[in-house]
file entry.txt (compact mmCIF, C-alpha atoms and all ligand atoms)
# COMPACT_ATOMS: atom_id res chain seq x y z
CA MET A 1 202.64 231.12 62.21
CA LEU A 2 204.02 230.54 65.71
CA LYS A 3 204.28 227.01 66.98
CA ARG A 4 202.31 226.02 70.08
CA GLY A 5 205.37 226.28 72.34
CA GLU A 6 206.38 229.63 70.88
CA LYS A 7 202.88 231.01 71.37
CA PHE A 8 202.99 230.00 74.99
CA MET A 9 206.39 231.64 75.47
CA PHE A 10 205.15 234.79 73.78
CA ILE A 11 202.09 235.11 76.05
CA PHE A 12 204.08 234.09 79.09
CA SER A 13 206.75 236.74 78.54
CA GLY A 14 203.96 239.27 77.98
CA ILE A 15 202.56 238.44 81.40
CA VAL A 16 206.01 238.70 82.98
CA VAL A 17 206.53 242.17 81.47
CA VAL A 18 203.11 243.42 82.63
CA ALA A 19 203.72 242.03 86.14
CA ALA A 20 207.14 243.68 86.28
CA ILE A 21 205.68 247.06 85.29
CA ALA A 22 202.86 246.72 87.83
CA LYS A 23 205.36 245.86 90.53
CA GLY A 24 207.57 248.76 89.54
CA TYR A 25 204.59 251.10 89.71
CA HIS A 26 203.74 249.82 93.15
CA HIS A 27 207.29 250.38 94.26
CA PHE A 28 207.10 253.89 92.89
CA THR A 29 203.91 254.72 94.81
CA ASP A 30 205.39 253.18 97.98
CA LEU A 31 208.12 255.77 97.82
CA ASP A 32 205.52 258.49 98.14
CA PRO A 33 203.46 257.54 101.23
CA ALA A 34 200.81 259.69 102.87
CA PRO A 35 202.34 262.54 104.89
CA PRO A 36 202.76 261.79 108.60
CA LYS A 37 199.84 262.78 110.81
CA HIS A 38 202.06 264.12 113.56
CA PHE A 39 205.45 265.66 113.94
CA TYR A 40 207.54 266.78 116.87
CA SER A 41 209.43 269.99 117.30
CA PHE A 42 211.15 270.47 120.65
CA ASP A 43 213.57 273.10 121.83
CA GLU A 44 215.90 272.46 124.80
CA VAL A 45 213.16 273.28 127.34
CA GLY A 46 210.72 271.02 125.49
CA LEU A 47 213.14 268.10 125.78
CA GLN A 48 213.41 268.72 129.53
CA GLY A 49 209.61 268.78 129.55
CA HIS A 50 209.59 265.29 128.05
CA GLU A 51 211.57 264.13 131.09
CA VAL A 52 209.02 265.72 133.46
CA TYR A 53 206.21 264.14 131.43
CA ARG A 54 207.81 260.70 131.77
CA LYS A 55 208.61 261.06 135.47
CA LYS A 56 205.09 262.24 136.33
CA GLY A 57 203.59 259.21 134.57
CA CYS A 58 201.41 261.27 132.23
CA ASN A 59 201.38 258.37 129.77
CA SER A 60 199.44 256.18 132.20
CA CYS A 61 196.41 258.05 130.81
CA HIS A 62 197.61 259.89 127.69
CA ARG A 63 199.10 258.66 124.45
CA ALA A 64 201.88 260.58 122.69
CA MET A 65 204.82 259.74 120.44
CA GLY A 66 203.84 256.10 120.11
CA THR A 67 203.51 255.24 123.81
CA GLY A 68 200.89 255.55 126.52
CA GLU A 69 197.29 254.61 127.10
CA VAL A 70 194.29 255.40 124.92
CA GLY A 71 190.66 255.63 125.98
CA VAL A 72 191.22 257.23 129.39
CA ALA A 73 192.17 260.74 128.33
CA PRO A 74 192.72 262.73 125.11
CA VAL A 75 195.58 261.67 122.84
CA LEU A 76 198.24 264.35 123.24
CA ASP A 77 199.82 263.94 119.78
CA GLY A 78 198.83 267.14 118.04
CA VAL A 79 197.94 269.02 121.23
CA GLY A 80 200.50 271.72 120.39
CA THR A 81 198.56 272.49 117.21
CA ARG A 82 195.02 272.35 118.58
CA ARG A 83 196.00 274.40 121.67
CA ASP A 84 198.36 277.36 121.65
CA LEU A 85 201.11 277.95 124.18
CA PRO A 86 199.18 280.47 126.35
CA TRP A 87 196.28 277.98 126.57
CA LEU A 88 198.65 275.19 127.64
CA LYS A 89 200.30 277.39 130.27
CA GLU A 90 196.93 278.46 131.65
CA TYR A 91 195.70 274.85 131.65
CA LEU A 92 198.80 273.75 133.56
CA THR A 93 198.16 276.56 136.07
CA ASP A 94 194.40 276.35 136.61
CA PRO A 95 192.80 273.75 134.30
CA GLY A 96 189.33 274.35 135.76
CA SER A 97 189.26 277.85 134.29
CA LEU A 98 189.36 276.28 130.79
CA VAL A 99 187.74 272.87 131.31
CA PRO A 100 184.96 272.89 133.90
CA GLY A 101 184.95 269.66 135.91
CA THR A 102 188.53 268.93 134.87
CA ALA A 103 190.25 265.71 135.90
CA HIS A 104 193.39 267.74 136.55
CA TYR A 105 192.35 268.99 139.98
CA GLY A 106 193.67 265.73 141.35
CA ASN A 107 190.37 263.85 141.22
CA LEU A 108 191.64 261.61 138.40
CA GLY A 109 194.72 263.17 136.79
CA PRO A 110 197.47 264.95 138.74
CA ASP A 111 196.52 268.31 140.28
CA PHE A 112 198.19 270.88 138.01
CA ARG A 113 197.85 273.57 140.69
CA LEU A 114 200.56 271.73 142.63
CA LEU A 115 203.15 271.85 139.84
CA GLU A 116 206.23 273.98 140.33
CA ASN A 117 206.53 276.87 137.91
CA GLU A 118 209.64 275.37 136.33
CA GLU A 119 207.84 272.05 135.70
CA ARG A 120 204.93 273.98 134.21
CA GLU A 121 207.22 275.87 131.80
CA LYS A 122 208.94 272.65 130.71
CA LEU A 123 205.70 270.69 130.29
CA ALA A 124 204.13 273.54 128.29
CA ALA A 125 207.16 273.63 125.96
CA PHE A 126 206.99 269.84 125.52
CA LEU A 127 203.24 269.78 124.85
CA SER A 128 203.58 272.67 122.44
CA GLY A 129 206.05 270.61 120.39
CA LEU A 130 203.54 267.77 119.85
CA ARG A 131 202.28 269.02 116.49
CA ALA A 132 199.66 267.78 114.04
CA ASN A 133 199.39 267.95 110.26
CA PRO A 134 195.94 268.69 108.79
CA ASN A 135 195.36 264.95 108.07
CA SER A 136 195.55 264.14 111.80
CA PRO A 137 192.35 263.11 113.58
CA ASN A 138 193.58 265.21 116.51
CA TYR A 139 194.00 268.36 114.49
CA PRO A 140 190.39 269.53 114.02
CA LEU A 141 189.60 269.35 117.75
CA LYS A 142 189.53 273.14 117.75
CA VAL A 143 189.02 274.99 121.01
CA LYS A 144 186.04 277.24 121.26
CA ARG A 145 187.06 280.35 123.12
CA GLU A 146 184.84 282.89 124.84
CA SER A 147 186.05 285.52 122.39
CA GLU A 148 185.08 283.50 119.29
C1 LIG B 1 194.70 259.59 135.69
C2 LIG B 1 194.61 260.03 134.29
C3 LIG B 1 195.47 261.21 133.82
C4 LIG B 1 196.82 261.43 134.02
C5 LIG B 1 197.82 260.57 134.80
C6 LIG B 1 197.15 262.65 133.32
N1 LIG B 1 196.02 263.14 132.68
FE1 LIG B 1 195.96 264.77 131.46
N2 LIG B 1 193.93 264.50 131.19
C7 LIG B 1 193.18 263.50 131.78
C8 LIG B 1 191.78 263.69 131.41
C9 LIG B 1 190.62 262.79 131.86
C10 LIG B 1 191.72 264.83 130.58
C11 LIG B 1 190.45 265.43 129.92
C12 LIG B 1 190.30 266.92 130.16
C13 LIG B 1 190.15 267.32 131.62
O1 LIG B 1 189.57 266.56 132.42
O2 LIG B 1 190.63 268.44 131.95
C14 LIG B 1 193.10 265.30 130.45
C15 LIG B 1 193.48 266.39 129.68
C16 LIG B 1 194.79 266.81 129.49
C17 LIG B 1 195.20 267.86 128.58
C18 LIG B 1 194.27 268.68 127.68
C19 LIG B 1 194.16 268.07 126.32
C20 LIG B 1 193.23 268.85 125.45
O3 LIG B 1 193.58 269.17 124.31
O4 LIG B 1 192.10 269.12 125.89
C21 LIG B 1 196.54 268.02 128.73
C22 LIG B 1 197.43 269.02 128.00
C23 LIG B 1 196.99 267.05 129.70
N3 LIG B 1 195.89 266.33 130.15
C24 LIG B 1 198.29 266.90 130.12
C25 LIG B 1 198.72 266.00 131.08
C26 LIG B 1 200.05 265.96 131.63
C27 LIG B 1 201.18 266.89 131.22
C28 LIG B 1 200.08 264.95 132.54
C29 LIG B 1 201.21 264.54 133.44
C30 LIG B 1 201.73 265.59 134.32
C31 LIG B 1 198.75 264.34 132.55
N4 LIG B 1 197.95 265.01 131.68
C32 LIG B 1 198.41 263.22 133.31
C33 LIG B 1 193.67 262.45 132.55
C34 LIG B 1 194.97 262.29 132.97

call {"tool": "encode", "arguments": {"input": "entry.txt", "output": "structure tokens"}}
result
Amino acid sequence: MLKRGEKFMFIFSGIVVVAAIAKGYHHFTDLDPAPPKHFYSFDEVGLQGHEVYRKKGCNSCHRAMGTGEVGVAPVLDGVGTRRDLPWLKEYLTDPGSLVPGTAHYGNLGPDFRLLENEEREKLAAFLSGLRANPNSPNYPLKVKRESE
């Protein structure tokens, strides 16, 4: 028979071992977090587009890459997945042809019709690089096209 003190030590070390295993398991699961919701993939032109985006103050209404406002306008993280490059270029040329009553005729957001072609190319490349994984809340915002 174990003495009182020995019994206590036996149970106590049992608890320590269980706690250590539980902690180890936690550590193990921490190493395998949920996949990121967004990722970024910019070529040289896309990086120049980020400069244009910053200079034009787009993040005073939009949120992307961890900065900018929410609630005013759509979050742009993931926009390069929910919209394709031709859509983005068209939107930056004549947004009203895709979004009736658009804010981007200068009534709220900047008037995209006034962009220079070079700025348009750069911005489109930047926006196209703001990608979403399927677990992103911005991913399923699929565009309904006339042809669909
Ligand atoms: C004053 C607020 C404001 C600013 C500044 C602004 N936007 Fe917007 N943006 C909006 C609003 C509102 C919408 C909602 C759609 C619409 O009205 O066309 C929008 C929509 C968009 C969309 C379409 C998103 C989608 O998937 O439907 C893109 C792309 C976009 N803006 C890019 C830009 C870029 C690039 C700039 C900077 C040159 C910019 N915005 C600056 C308000 C703003």

call {"tool": "residues_near_ligand", "arguments": {"input": "entry.txt", "ligand": "ligand LIG 1 (chain B)", "cutoff": "8 Å", "atoms": "only C-alpha atoms and all ligand atoms", "output": "count of residues only"}}
result
37

call {"tool": "atom_distance", "arguments": {"input": "entry.txt", "atom1": "CA of Tyr139 in chain A", "atom2": "CA of Thr67 in chain A"}}
result
18.7 Å

call {"tool": "atom_distance", "arguments": {"input": "entry.txt", "atom1": "CA of Pro33 in chain A", "atom2": "CA of Ala64 in chain A"}}
result
21.7 Å

call {"tool": "atom_distance", "arguments": {"input": "entry.txt", "atom1": "CA of Glu119 in chain A", "atom2": "CA of Tyr105 in chain A"}}
result
16.4 Å

call {"tool": "closest_residue", "arguments": {"input": "entry.txt", "among": "A:Ser13, A:Ser128, A:Asn135, A:Gly46", "to": "Ala34 in chain A", "atoms": "all atoms listed in the file"}}
result
A:Asn135

call {"tool": "closest_residue", "arguments": {"input": "entry.txt", "among": "A:Ala125, A:Asn107, A:Phe12, A:Gly68", "to": "Trp87 in chain A", "atoms": "only C-alpha atoms"}}
result
A:Ala125
